[in-house]
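What follows is the content of coords-v3.cif, which has mmCIF, C-alpha atoms and all ligand atoms:
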data_final
loop_
_atom_site.label_atom_id
_atom_site.label_comp_id
_atom_site.auth_asym_id
_atom_site.auth_seq_id
_atom_site.Cartn_x
_atom_site.Cartn_y
_atom_site.Cartn_z
CA MET A 1 -18.50 -75.28 123.98
CA ILE A 2 -17.85 -77.07 127.27
CA VAL A 3 -17.48 -76.11 130.92
CA ASN A 4 -14.43 -77.35 132.78
CA SER A 5 -13.72 -75.54 136.01
CA ILE A 6 -13.56 -75.32 139.79
CA ILE A 7 -15.12 -72.12 141.16
CA SER A 8 -15.78 -70.18 144.35
CA LEU A 9 -18.79 -67.88 144.48
CA SER A 10 -19.99 -64.89 146.46
CA GLY A 11 -21.86 -65.71 149.69
CA ASP A 12 -25.45 -66.83 150.04
CA LYS A 13 -27.80 -63.84 149.75
CA SER A 14 -30.32 -64.99 152.37
CA ILE A 15 -27.64 -65.67 154.99
CA SER A 16 -25.86 -62.41 154.11
CA HIS A 17 -28.98 -60.30 154.82
CA ARG A 18 -29.55 -62.08 158.12
CA SER A 19 -25.89 -61.77 159.16
CA ILE A 20 -25.93 -57.96 158.75
CA MET A 21 -29.31 -57.54 160.46
CA LEU A 22 -28.62 -59.80 163.45
CA ALA A 23 -25.04 -58.56 163.92
CA SER A 24 -26.57 -55.06 164.13
CA ILE A 25 -28.48 -55.90 167.33
CA ALA A 26 -25.84 -58.21 168.86
CA SER A 27 -23.57 -57.20 171.71
CA GLY A 28 -20.06 -56.55 170.42
CA VAL A 29 -18.37 -56.79 167.05
CA SER A 30 -19.20 -59.35 164.33
CA ARG A 31 -16.83 -60.07 161.44
CA ILE A 32 -18.29 -61.33 158.16
CA THR A 33 -16.38 -62.47 155.07
CA ASN A 34 -17.68 -63.47 151.63
CA LEU A 35 -20.83 -61.38 152.10
CA ASN A 36 -23.03 -61.52 148.98
CA ASP A 37 -21.75 -58.78 146.65
CA GLY A 38 -25.12 -57.95 145.00
CA GLU A 39 -27.03 -54.68 145.23
CA ASP A 40 -29.69 -56.13 147.55
CA LEU A 41 -27.10 -56.40 150.33
CA GLN A 42 -26.23 -52.73 149.93
CA SER A 43 -29.90 -51.97 150.67
CA THR A 44 -29.67 -53.93 153.93
CA ILE A 45 -26.34 -52.36 154.94
CA LYS A 46 -27.61 -48.81 154.31
CA ALA A 47 -30.84 -49.59 156.20
CA MET A 48 -28.95 -50.67 159.31
CA GLN A 49 -26.58 -47.70 159.03
CA SER A 50 -29.61 -45.40 158.95
CA CYS A 51 -30.60 -46.90 162.34
CA GLY A 52 -27.22 -45.83 163.75
CA VAL A 53 -25.27 -49.10 163.32
CA LEU A 54 -21.54 -48.88 162.54
CA ILE A 55 -20.76 -51.11 159.52
CA GLU A 56 -17.26 -50.84 158.09
CA LYS A 57 -15.08 -52.65 155.56
CA GLU A 58 -11.64 -53.87 156.67
CA GLY A 59 -10.08 -55.45 153.58
CA ASP A 60 -12.40 -58.33 152.65
CA THR A 61 -14.14 -58.32 156.05
CA ILE A 62 -17.36 -56.53 156.92
CA VAL A 63 -17.19 -55.41 160.53
CA VAL A 64 -20.52 -54.76 162.25
CA THR A 65 -20.60 -53.15 165.70
CA GLY A 66 -23.90 -54.09 167.31
CA SER A 67 -25.84 -51.37 169.13
CA ASN A 68 -29.23 -50.16 170.30
CA LEU A 69 -31.03 -49.20 167.11
CA GLU A 70 -32.30 -45.64 166.65
CA ASN A 71 -35.38 -44.49 164.76
CA PRO A 72 -34.24 -43.68 161.20
CA THR A 73 -34.80 -40.02 160.30
CA GLU A 74 -35.77 -40.77 156.66
CA PRO A 75 -37.82 -43.58 155.06
CA ILE A 76 -35.59 -46.63 154.52
CA ASP A 77 -35.13 -47.41 150.81
CA CYS A 78 -35.17 -51.21 150.38
CA GLY A 79 -34.45 -50.89 146.64
CA ASN A 80 -35.42 -54.12 144.84
CA SER A 81 -35.01 -56.33 147.90
CA GLY A 82 -38.04 -58.22 149.22
CA THR A 83 -35.88 -59.82 151.92
CA THR A 84 -34.67 -56.43 153.19
CA SER A 85 -38.20 -55.05 153.38
CA ARG A 86 -39.94 -58.05 154.97
CA LEU A 87 -37.21 -58.89 157.49
CA LEU A 88 -36.78 -55.25 158.53
CA THR A 89 -40.48 -55.03 159.44
CA GLY A 90 -39.85 -57.67 162.13
CA LEU A 91 -36.33 -56.68 163.19
CA LEU A 92 -37.05 -52.97 163.70
CA SER A 93 -40.38 -53.72 165.38
CA SER A 94 -38.55 -55.96 167.87
CA GLN A 95 -36.58 -52.85 168.88
CA HIS A 96 -39.86 -50.91 169.30
CA LEU A 97 -38.95 -48.39 166.58
CA SER A 98 -41.13 -46.19 164.42
CA PHE A 99 -40.04 -46.25 160.76
CA SER A 100 -41.08 -46.12 157.09
CA LEU A 101 -40.07 -48.44 154.25
CA ILE A 102 -40.00 -47.59 150.54
CA GLY A 103 -38.69 -49.49 147.51
CA ASP A 104 -38.21 -49.45 143.75
CA GLU A 105 -40.99 -49.93 141.19
CA SER A 106 -40.87 -53.75 141.37
CA LEU A 107 -40.80 -53.93 145.19
CA SER A 108 -43.61 -51.35 145.37
CA LYS A 109 -45.86 -53.87 143.57
CA ARG A 110 -45.08 -56.81 145.90
CA PRO A 111 -47.56 -57.85 148.61
CA MET A 112 -46.87 -56.62 152.14
CA ASN A 113 -50.13 -57.74 153.78
CA ARG A 114 -48.37 -61.03 154.49
CA VAL A 115 -46.22 -59.21 157.11
CA ILE A 116 -48.73 -56.47 157.99
CA THR A 117 -51.28 -59.05 159.26
CA PRO A 118 -49.13 -60.83 161.90
CA LEU A 119 -47.31 -57.66 163.00
CA THR A 120 -50.63 -55.84 163.48
CA GLU A 121 -51.79 -58.79 165.57
CA MET A 122 -48.65 -58.32 167.69
CA GLY A 123 -49.60 -54.69 168.35
CA CYS A 124 -47.80 -52.64 165.67
CA THR A 125 -49.69 -49.72 164.16
CA ILE A 126 -49.18 -50.00 160.40
CA THR A 127 -50.24 -47.87 157.47
CA SER A 128 -49.60 -48.91 153.86
CA ASN A 129 -50.62 -48.07 150.33
CA ASP A 130 -53.43 -50.64 150.25
CA GLY A 131 -51.13 -53.53 151.28
CA LEU A 132 -48.16 -52.22 149.27
CA LEU A 133 -45.15 -49.98 150.02
CA PRO A 134 -44.71 -47.34 151.35
CA LEU A 135 -45.26 -48.80 154.81
CA HIS A 136 -45.15 -46.91 158.06
CA ILE A 137 -44.76 -49.07 161.16
CA ASP A 138 -44.98 -47.83 164.73
CA ALA A 139 -43.92 -50.45 167.29
CA SER A 140 -43.19 -47.96 170.07
CA MET A 141 -46.02 -49.32 172.24
CA GLY A 142 -44.24 -52.71 172.50
CA LEU A 143 -45.28 -56.09 171.10
CA ASP A 144 -47.64 -58.81 172.30
CA ALA A 145 -46.85 -62.49 171.87
CA ILE A 146 -48.36 -64.32 168.90
CA ASP A 147 -49.29 -67.89 168.05
CA TYR A 148 -49.13 -67.80 164.26
CA GLU A 149 -49.91 -70.45 161.67
CA MET A 150 -48.24 -69.55 158.39
CA PRO A 151 -50.88 -69.20 155.63
CA ILE A 152 -48.17 -69.45 152.91
CA ALA A 153 -44.70 -71.01 152.75
CA SER A 154 -42.52 -67.91 153.03
CA ALA A 155 -39.22 -67.60 154.86
CA GLN A 156 -39.49 -63.83 154.66
CA VAL A 157 -42.80 -63.79 156.53
CA LYS A 158 -41.67 -66.46 159.01
CA SER A 159 -38.49 -64.45 159.65
CA ALA A 160 -40.41 -61.19 160.14
CA VAL A 161 -42.49 -62.86 162.87
CA LEU A 162 -39.47 -64.61 164.43
CA LEU A 163 -37.48 -61.37 164.56
CA ALA A 164 -40.42 -59.38 165.98
CA SER A 165 -40.84 -62.09 168.64
CA LEU A 166 -37.40 -61.19 170.04
CA GLY A 167 -38.98 -57.98 171.38
CA SER A 168 -42.38 -59.31 172.43
CA GLN A 169 -43.83 -59.71 175.95
CA ASN A 170 -43.87 -63.50 175.98
CA MET A 171 -42.98 -66.70 174.11
CA CYS A 172 -44.28 -66.82 170.51
CA THR A 173 -45.09 -69.90 168.44
CA ILE A 174 -45.04 -70.20 164.67
CA LYS A 175 -46.53 -73.20 162.90
CA GLU A 176 -45.25 -73.92 159.41
CA LEU A 177 -46.87 -76.77 157.50
CA LYS A 178 -44.72 -76.34 154.36
CA HIS A 179 -41.13 -75.78 155.50
CA SER A 180 -39.31 -72.77 154.05
CA ARG A 181 -35.61 -71.90 154.38
CA ASP A 182 -34.52 -71.90 158.04
CA HIS A 183 -31.47 -69.60 158.12
CA THR A 184 -33.08 -67.21 160.63
CA GLU A 185 -33.73 -70.05 163.07
CA ILE A 186 -30.17 -71.39 162.65
CA MET A 187 -28.49 -68.01 163.07
CA LEU A 188 -30.65 -67.03 166.06
CA GLU A 189 -29.83 -70.30 167.79
CA SER A 190 -26.10 -69.96 167.15
CA MET A 191 -26.21 -66.39 168.57
CA GLY A 192 -27.78 -67.61 171.82
CA ALA A 193 -31.51 -66.91 171.31
CA ASP A 194 -33.99 -69.17 173.09
CA ILE A 195 -35.54 -70.86 170.04
CA GLU A 196 -36.74 -74.43 169.65
CA VAL A 197 -37.88 -76.14 166.47
CA ASN A 198 -40.15 -79.16 166.97
CA GLY A 199 -41.52 -80.60 163.74
CA ASP A 200 -43.85 -77.94 162.31
CA ASN A 201 -43.66 -75.69 165.40
CA ILE A 202 -41.11 -73.04 166.29
CA ASP A 203 -41.14 -71.64 169.85
CA ILE A 204 -39.17 -68.48 170.43
CA LYS A 205 -38.77 -66.50 173.65
CA PRO A 206 -38.14 -62.75 173.83
CA LEU A 207 -34.48 -61.84 174.33
CA SER A 208 -33.49 -61.66 177.99
CA SER A 209 -29.97 -60.51 177.06
CA ALA A 210 -28.44 -59.31 173.78
CA LEU A 211 -27.54 -61.81 171.06
CA GLN A 212 -23.87 -62.81 170.89
CA SER A 213 -21.72 -61.40 168.10
CA PHE A 214 -20.10 -63.88 165.66
CA THR A 215 -17.48 -64.48 162.99
CA MET A 216 -18.69 -66.08 159.76
CA ASP A 217 -17.32 -66.83 156.31
CA ILE A 218 -20.54 -67.06 154.29
CA PRO A 219 -20.74 -70.16 152.05
CA ALA A 220 -21.35 -69.81 148.30
CA ASP A 221 -24.91 -69.05 147.23
CA PRO A 222 -26.57 -72.19 145.77
CA SER A 223 -29.14 -69.99 143.97
CA SER A 224 -26.28 -68.32 142.06
CA ALA A 225 -24.44 -71.61 141.51
CA ALA A 226 -27.58 -73.10 139.93
CA PHE A 227 -27.04 -71.08 136.71
CA PHE A 228 -23.50 -72.40 136.16
CA ILE A 229 -24.53 -75.92 137.21
CA ALA A 230 -27.33 -75.78 134.62
CA LEU A 231 -24.88 -74.77 131.89
CA THR A 232 -22.61 -77.66 132.91
CA VAL A 233 -25.24 -80.39 132.99
CA LEU A 234 -26.66 -79.26 129.63
CA LEU A 235 -23.28 -79.40 127.84
CA LYS A 236 -21.92 -82.87 127.08
CA GLY A 237 -18.37 -83.49 128.31
CA SER A 238 -18.54 -80.69 130.89
CA SER A 239 -17.52 -80.70 134.54
CA LEU A 240 -17.91 -78.03 137.24
CA THR A 241 -17.03 -78.08 140.93
CA VAL A 242 -18.43 -75.35 143.19
CA GLN A 243 -16.36 -75.02 146.34
CA ASN A 244 -17.75 -74.41 149.82
CA ILE A 245 -21.37 -74.11 148.70
CA LEU A 246 -24.30 -73.87 151.14
CA LEU A 247 -25.94 -77.33 151.39
CA ASN A 248 -28.74 -76.55 153.86
CA PRO A 249 -31.52 -79.03 152.89
CA THR A 250 -34.13 -76.24 152.75
CA ARG A 251 -32.09 -74.78 149.86
CA THR A 252 -30.88 -77.79 147.91
CA GLY A 253 -34.19 -78.81 146.36
CA PHE A 254 -32.72 -78.07 142.94
CA ILE A 255 -30.09 -80.77 143.51
CA ASP A 256 -32.92 -83.20 144.36
CA VAL A 257 -34.85 -82.14 141.24
CA LEU A 258 -31.71 -82.65 139.14
CA GLY A 259 -31.53 -86.14 140.70
CA LYS A 260 -35.10 -86.80 139.49
CA MET A 261 -33.95 -85.60 136.05
CA GLY A 262 -31.15 -88.20 136.07
CA VAL A 263 -28.30 -85.85 137.05
CA GLN A 264 -26.26 -86.63 140.17
CA GLY A 265 -24.19 -84.08 142.10
CA LEU A 266 -21.11 -85.41 143.90
CA VAL A 267 -20.60 -83.84 147.36
CA SER A 268 -17.16 -83.76 149.01
CA ASN A 269 -15.57 -82.05 152.03
CA PRO A 270 -18.83 -81.66 154.02
CA THR A 271 -18.61 -79.22 156.95
CA ILE A 272 -20.83 -77.27 159.33
CA ASN A 273 -20.32 -73.51 159.41
CA ASN A 274 -22.18 -71.55 162.14
CA GLY A 275 -24.89 -74.25 162.08
CA GLU A 276 -25.18 -74.32 158.26
CA SER A 277 -24.22 -77.40 156.20
CA CYS A 278 -21.77 -76.74 153.37
CA GLY A 279 -19.35 -78.65 151.13
CA ASP A 280 -17.99 -78.87 147.59
CA ILE A 281 -20.22 -80.21 144.81
CA GLN A 282 -19.38 -81.47 141.32
CA PHE A 283 -21.67 -81.88 138.31
CA ILE A 284 -20.96 -83.25 134.84
CA GLY A 285 -22.76 -82.94 131.49
CA SER A 286 -25.68 -85.38 131.45
CA LYS A 287 -28.75 -86.58 129.57
CA ILE A 288 -31.82 -84.87 131.05
CA GLN A 289 -35.13 -86.62 131.73
CA SER A 290 -38.40 -84.83 132.39
CA CYS A 291 -39.98 -85.21 135.83
CA ASP A 292 -42.89 -84.32 138.08
CA ILE A 293 -42.11 -81.87 140.89
CA PRO A 294 -44.61 -82.16 143.76
CA ALA A 295 -45.97 -79.11 145.64
CA HIS A 296 -44.09 -79.94 148.84
CA MET A 297 -40.73 -79.45 147.05
CA ILE A 298 -41.59 -75.96 145.75
CA PRO A 299 -40.44 -73.91 148.81
CA SER A 300 -36.97 -75.51 148.55
CA ILE A 301 -36.61 -74.55 144.85
CA ILE A 302 -38.58 -71.30 144.83
CA ASP A 303 -35.70 -69.18 143.46
CA GLU A 304 -34.38 -71.94 141.16
CA ILE A 305 -37.63 -72.56 139.21
CA PRO A 306 -36.61 -70.22 136.34
CA ILE A 307 -33.35 -72.13 135.72
CA LEU A 308 -34.98 -75.54 136.36
CA ALA A 309 -37.64 -74.65 133.76
CA VAL A 310 -34.78 -73.89 131.34
CA ILE A 311 -33.22 -77.31 132.07
CA ALA A 312 -36.65 -78.91 131.57
CA ALA A 313 -36.80 -77.24 128.14
CA PHE A 314 -33.93 -79.54 127.04
CA ALA A 315 -35.39 -82.72 128.60
CA GLU A 316 -37.19 -85.52 126.82
CA GLY A 317 -40.87 -85.32 127.82
CA LYS A 318 -43.10 -83.13 129.94
CA THR A 319 -41.99 -81.60 133.27
CA VAL A 320 -44.67 -80.35 135.67
CA PHE A 321 -43.96 -77.99 138.60
CA HIS A 322 -46.97 -78.30 140.93
CA GLU A 323 -48.55 -75.33 142.75
CA VAL A 324 -46.13 -72.56 141.86
CA GLU A 325 -48.50 -69.59 142.39
CA GLU A 326 -45.97 -67.88 144.71
CA LEU A 327 -43.87 -67.23 141.57
CA ARG A 328 -46.28 -64.45 140.68
CA PHE A 329 -45.08 -62.36 143.65
CA LYS A 330 -41.32 -62.34 143.06
CA GLU A 331 -39.16 -59.58 141.52
CA SER A 332 -41.40 -60.04 138.46
CA ASP A 333 -44.39 -62.29 137.79
CA ARG A 334 -42.00 -65.20 137.22
CA LEU A 335 -44.68 -67.62 136.09
CA HIS A 336 -45.55 -65.28 133.23
CA ALA A 337 -41.88 -64.41 132.54
CA ILE A 338 -40.81 -68.08 132.33
CA ILE A 339 -43.67 -69.10 130.05
CA LYS A 340 -43.25 -66.04 127.79
CA ASN A 341 -39.50 -66.59 127.27
CA LEU A 342 -39.87 -70.35 126.76
CA GLN A 343 -42.59 -69.78 124.17
CA LEU A 344 -40.48 -67.13 122.42
CA SER A 345 -37.70 -69.71 122.05
CA GLY A 346 -40.05 -72.27 120.52
CA ILE A 347 -40.74 -74.37 123.64
CA ASN A 348 -44.29 -75.37 124.50
CA ALA A 349 -44.84 -74.12 128.07
CA TYR A 350 -48.08 -73.19 129.79
CA GLU A 351 -50.01 -72.79 133.04
CA GLU A 352 -52.45 -75.51 134.07
CA GLY A 353 -54.27 -74.28 137.17
CA ASN A 354 -51.42 -73.27 139.48
CA ASN A 355 -48.98 -75.67 137.78
CA LEU A 356 -46.20 -74.80 135.34
CA VAL A 357 -45.87 -77.28 132.46
CA VAL A 358 -42.77 -77.41 130.24
CA GLN A 359 -42.82 -79.70 127.21
CA GLY A 360 -39.15 -80.50 126.67
CA GLY A 361 -37.39 -80.65 123.31
CA LYS A 362 -34.92 -78.15 121.99
CA PRO A 363 -35.30 -74.39 121.71
CA THR A 364 -35.62 -73.56 118.00
CA LYS A 365 -35.75 -69.75 117.92
CA MET A 366 -33.13 -67.32 119.17
CA ALA A 367 -35.54 -64.67 120.42
CA LYS A 368 -34.62 -61.49 122.28
CA ILE A 369 -34.84 -62.42 125.99
CA LEU A 370 -37.32 -60.36 128.02
CA SER A 371 -35.75 -59.93 131.47
CA PHE A 372 -38.73 -58.16 133.06
CA ASP A 373 -35.90 -56.40 135.00
CA ASP A 374 -35.61 -59.58 137.08
CA HIS A 375 -32.08 -60.90 137.78
CA ARG A 376 -33.00 -64.59 137.88
CA ILE A 377 -35.09 -64.43 134.69
CA ALA A 378 -32.22 -62.67 132.86
CA MET A 379 -29.58 -65.22 133.97
CA ALA A 380 -31.79 -68.28 133.37
CA PHE A 381 -32.60 -67.34 129.78
CA ILE A 382 -29.03 -66.26 128.94
CA ILE A 383 -28.07 -69.85 129.88
CA LEU A 384 -30.85 -71.26 127.64
CA SER A 385 -29.69 -69.16 124.71
CA ILE A 386 -25.99 -69.99 125.17
CA VAL A 387 -26.71 -73.75 125.31
CA ALA A 388 -29.05 -73.69 122.30
CA PHE A 389 -27.42 -71.00 120.12
CA GLU A 390 -23.99 -70.18 121.68
CA GLN A 391 -25.08 -66.51 121.83
CA TYR A 392 -27.84 -64.39 123.35
CA ASP A 393 -29.76 -61.16 122.88
CA ILE A 394 -31.48 -59.56 125.90
CA ASP A 395 -33.28 -56.31 126.70
CA ASN A 396 -31.43 -55.56 129.97
CA THR A 397 -28.57 -57.08 131.94
CA ASP A 398 -28.22 -54.41 134.67
CA CYS A 399 -30.72 -56.27 136.87
CA ILE A 400 -28.20 -59.15 137.24
CA ASP A 401 -26.24 -56.96 139.70
CA ILE A 402 -29.05 -57.47 142.23
CA SER A 403 -27.62 -60.86 143.24
CA LEU A 404 -24.61 -61.75 141.07
CA PRO A 405 -22.52 -58.88 139.64
CA GLY A 406 -19.81 -61.40 138.65
CA PHE A 407 -22.15 -63.43 136.40
CA PHE A 408 -20.51 -62.62 133.04
CA ASN A 409 -16.93 -62.93 134.37
CA ILE A 410 -17.69 -66.34 135.84
CA LEU A 411 -19.37 -67.43 132.57
CA LYS A 412 -16.12 -66.59 130.77
CA GLU A 413 -13.94 -68.18 133.46
CA ILE A 414 -15.67 -71.58 133.49
CA GLN A 415 -15.44 -72.36 129.78
CA GLY A 416 -12.85 -75.08 129.28
C1 LIG A 501 -35.91 -65.42 150.88
C2 LIG A 501 -37.08 -66.11 150.85
C3 LIG A 501 -37.83 -66.40 149.61
C4 LIG A 501 -36.96 -66.20 148.38
C5 LIG A 501 -36.17 -64.94 148.45
C6 LIG A 501 -35.25 -64.96 149.67
C7 LIG A 501 -35.27 -65.18 152.20
O1 LIG A 501 -38.94 -65.53 149.53
O2 LIG A 501 -37.75 -66.21 147.23
O3 LIG A 501 -35.38 -64.77 147.29
O4 LIG A 501 -34.08 -64.81 152.23
O5 LIG A 501 -35.94 -65.37 153.22
P1 LIG A 501 -40.34 -65.93 150.23
O6 LIG A 501 -40.08 -66.07 151.66
O7 LIG A 501 -41.29 -64.78 149.98
O8 LIG A 501 -40.77 -67.18 149.54
#

Serialized structure, structure tokens:
Amino acid sequence: MIVNSIISLSGDKSISHRSIMLASIASGVSRITNLNDGEDLQSTIKAMQSCGVLIEKEGDTIVVTGSNLENPTEPIDCGNSGTTSRLLTGLLSSQHLSFSLIGDESLSKRPMNRVITPLTEMGCTITSNDGLLPLHIDASMGLDAIDYEMPIASAQVKSAVLLASLGSQNMCTIKELKHSRDHTEIMLESMGADIEVNGDNIDIKPLSSALQSFTMDIPADPSSAAFFIALTVLLKGSSLTVQNILLNPTRTGFIDVLGKMGVQGLVSNPTINNGESCGDIQFIGSKIQSCDIPAHMIPSIIDEIPILAVIAAFAEGKTVFHEVEELRFKESDRLHAIIKNLQLSGINAYEEGNNLVVQGGKPTKMAKILSFDDHRIAMAFIILSIVAFEQYDIDNTDCIDISLPGFFNILKEIQG
């Protein structure tokens, strides 16, 4: 089997969430194409509609008419989406609303204290189920400014504070020692917010007038592309070009890790789209070397660690991912899910402190994949099984619709 193809992919999920949320509070009409087509985005769209925002489909374009948000009459169901839940805490607080957030079984186990702490400091009254959903947030008394040093590298937490700051009394400052994805900062700046990034510090002033509406064609999601790129680099004689992919450096850590593994991506047609770097990228089938991935690179590969661990399973030698404890708080405990599935396929993988160690070789057993109902675990291990055994067996594929409903069609399409 080989891959030989040129593909376009659905838009970046992180940018898609932010585009719907920020267009909702902008003045005027925003037009968005290539919005991520996964279920998580439906959670964000329904949430904004429940706050009175008009969001319509005109052909392939999502048209958002910005407005003053209203208190939702029912709890907002964030489904499986951590980004929807964390970013909404900040966005709706900035509008001084009173609202409740609920989610599915997985989201209801994910930590919310990381947003409860700074928002409480800003003056929100918050009740939760011991740091978990359901959350009730009352921001009707207005918000104080905050000077916040991020205790963990998390773009969701950083974004919650940034968005809340738009409705605070005074300028807020966020200090981030480990840099996480910066799409909120980029989009806010391009919509006219008063935001300044200086090294580790972000200064943001409350809005003195509404954000400007925008038109954006969202570039392809690199986190989705990573699965097809992995298949390509693991199959000798293969070639894949992904067109108009997001190349923001806070998101392309997996391309840098592939470089350390001896695999080079070839970028062409670089452009800037609404402040975000994008371009085409080509990969070919390659010999994979093991490598050491330092802690400072982890935020830029946080969603790609499952598929990078799969690539490492085919490398010669031991690959170590340093300080990956944040993996425990994703859609599943991904550290456990990665190790379990690698071990089931005959690969020696284990935790060493907060590190993930993968002893490369070749998977020897075609085990039934355990998805843990986590889209990225399901897709990563389907790729492992296809490369090693040209077939797969898995307990559940429905979860893939969370971020990439077209996964199986694209898999078929790219085979040369
Ligand atoms: C996201 C941030 C990351 C990432 C998630 C999307 C975002 O989460 O894992 O899939 O859009 O801000 P953390 O901020 O919790 O690391």

Within 8 Å of stretch 95-110 of chain A, counting all atoms listed in the file, which residues show up once you throw out same-chain ones fewer than 3 positions away? Write them as a ChimeraX atom specification, please.
-> /A:68-72,74-82,85,91-92,132-143,167,329-332

May I have the residues within 12 Å of A:Thr241 as an MDAnalysis selection string, using all atoms listed in the file and disregarding those fewer than 6 positions away in the same chain?
-> chainID A and resid 3:9 220 225:226 228:229 232:233 265:269 279:284 414

Within 9 Å of A:Lys46, counting all atoms listed in the file, which residues qualify if same-chain residues fewer than 2 places away don't, as a PDB file with C-alpha atoms, keeping the file's coordinate frame?
ATOM      1  CA  LEU A  41     -27.100 -56.400 150.330  1.00  0.00           C
ATOM      2  CA  GLN A  42     -26.230 -52.730 149.930  1.00  0.00           C
ATOM      3  CA  SER A  43     -29.900 -51.970 150.670  1.00  0.00           C
ATOM      4  CA  THR A  44     -29.670 -53.930 153.930  1.00  0.00           C
ATOM      5  CA  MET A  48     -28.950 -50.670 159.310  1.00  0.00           C
ATOM      6  CA  GLN A  49     -26.580 -47.700 159.030  1.00  0.00           C
ATOM      7  CA  SER A  50     -29.610 -45.400 158.950  1.00  0.00           C
ATOM      8  CA  CYS A  51     -30.600 -46.900 162.340  1.00  0.00           C
ATOM      9  CA  ILE A  55     -20.760 -51.110 159.520  1.00  0.00           C
ATOM     10  CA  ILE A  76     -35.590 -46.630 154.520  1.00  0.00           C
ATOM     11  CA  ASP A  77     -35.130 -47.410 150.810  1.00  0.00           C
ATOM     12  CA  CYS A  78     -35.170 -51.210 150.380  1.00  0.00           C
TER      13      CYS A  78
END

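Rounded to one decimal, atom CA of A:Met150 and atom CA of A:Cys124 lie 18.4 Å from each other.
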
So how far away is atom CA of A:Phe227 from atom CA of A:Ala380, in Å?
->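 Those two atoms sit 6.4 Å apart.
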
Using the file's own x, y and z axes, so that the box edges lie along x, y and z, what centre and edge lengths in Å (one decimal) does a box around every listed atom of ligand LIG 501 (chain A) get when 4 Å is added on each side? Give it as AutoDock Vina command-line options.
--center_x -37.7 --center_y -66.0 --center_z 150.2 --size_x 15.2 --size_y 10.4 --size_z 14.0

Quick one: everything within 12 Å of stretch 406-408 of chain A, counting all atoms listed in the file, minus sequence neighbours fewer than 4 positions away in the same chain. Send it as a VMD selection string.
-> chain A and resid 7 to 10 36 to 39 224 to 228 375 to 376 378 to 380 382 to 383 397 to 402 412 to 415

Atom-to-atom span, atom P1 of ligand LIG 501 (chain A) and atom CA of A:Ile394, Å =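 A separation of 26.7 Å between them.
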
Residues within 8 Å of ligand LIG 501 (chain A), counting only C-alpha atoms and all ligand atoms: report them as an NGL selection string.
-> :A and (13-15 or 17-18 or 82-83 or 87 or 153-159 or 180-181 or 183 or 299 or 302-303 or 326 or 329-330)

From A:Cys278, A:Ile347, A:Leu335, A:Ile186, residue lying nearest A:Phe372 [all atoms listed in the file] | A:Leu335

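Between A:Ser371 and the candidates A:Glu351, A:Ile338, A:Val357, A:Gly253, the tightest atom-to-atom separation, counting all atoms listed in the file, involves A:Ile338.
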
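Distances to A:Leu327 were evaluated for A:Ile339, A:Leu411, A:Ala312, A:Ile174 using all atoms listed in the file, and the minimum falls at A:Ile339.
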
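The point (-44.1, -57.4, 163.2) has these residues within 6 Å of it, counting all atoms listed in the file: Thr89, Gly90, Ser93, Leu119, Val161 and Ala164 of chain A.
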
Give the answer as one residue: which of A:Ala349, A:Met122, A:Leu308, A:Ile116 has the shortest atom-to-atom distance to A:Asp256, using all atoms listed in the file?
-> A:Leu308

Surrounding residues of A:Lys365 excluding itself and chain neighbours under 5 positions, 12 Å, all atoms listed in the file, as a ChimeraX atom specification | /A:341-347,384-385,388-389,391-393

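Using all atoms listed in the file, the smallest distance between any of A:Ala210, A:Glu58, A:Met216, A:Glu149 and A:Ser30 comes from A:Met216.
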
Give the answer as one residue: which of A:Leu240, A:Met112, A:Val324, A:Ala367 has the shortest atom-to-atom distance to A:Asn354, using only C-alpha atoms?
-> A:Val324

Identify the residues around (-23.8, -77.4, 151.9) within a radius of 6 Å, measuring from all atoms listed in the file in the coordinates stated by the file, and give them as a PDB file with C-alpha atoms, keeping the file's coordinate frame.
ATOM      1  CA  ILE A 245     -21.370 -74.110 148.700  1.00  0.00           C
ATOM      2  CA  LEU A 246     -24.300 -73.870 151.140  1.00  0.00           C
ATOM      3  CA  LEU A 247     -25.940 -77.330 151.390  1.00  0.00           C
ATOM      4  CA  ASN A 248     -28.740 -76.550 153.860  1.00  0.00           C
ATOM      5  CA  SER A 277     -24.220 -77.400 156.200  1.00  0.00           C
ATOM      6  CA  CYS A 278     -21.770 -76.740 153.370  1.00  0.00           C
ATOM      7  CA  GLY A 279     -19.350 -78.650 151.130  1.00  0.00           C
TER       8      GLY A 279
END

Would you fill the gaps in stretch 220-224 of chain A so it has N, CA and C atoms, then print it as a PDB file, in the coordinates of the input?
ATOM      1  N   ALA A 220     -20.892 -70.221 149.637  1.00  0.00           N
ATOM      2  CA  ALA A 220     -21.350 -69.810 148.300  1.00  0.00           C
ATOM      3  C   ALA A 220     -22.861 -69.984 148.168  1.00  0.00           C
ATOM      4  N   ASP A 221     -23.460 -69.083 147.398  1.00  0.00           N
ATOM      5  CA  ASP A 221     -24.910 -69.050 147.230  1.00  0.00           C
ATOM      6  C   ASP A 221     -25.357 -70.137 146.233  1.00  0.00           C
ATOM      7  N   PRO A 222     -26.135 -71.134 146.695  1.00  0.00           N
ATOM      8  CA  PRO A 222     -26.570 -72.190 145.770  1.00  0.00           C
ATOM      9  C   PRO A 222     -27.493 -71.652 144.679  1.00  0.00           C
ATOM     10  N   SER A 223     -28.220 -70.555 144.984  1.00  0.00           N
ATOM     11  CA  SER A 223     -29.140 -69.990 143.970  1.00  0.00           C
ATOM     12  C   SER A 223     -28.341 -69.358 142.833  1.00  0.00           C
ATOM     13  N   SER A 224     -27.153 -68.827 143.128  1.00  0.00           N
ATOM     14  CA  SER A 224     -26.280 -68.320 142.060  1.00  0.00           C
ATOM     15  C   SER A 224     -25.600 -69.474 141.338  1.00  0.00           C
TER      16      SER A 224
END
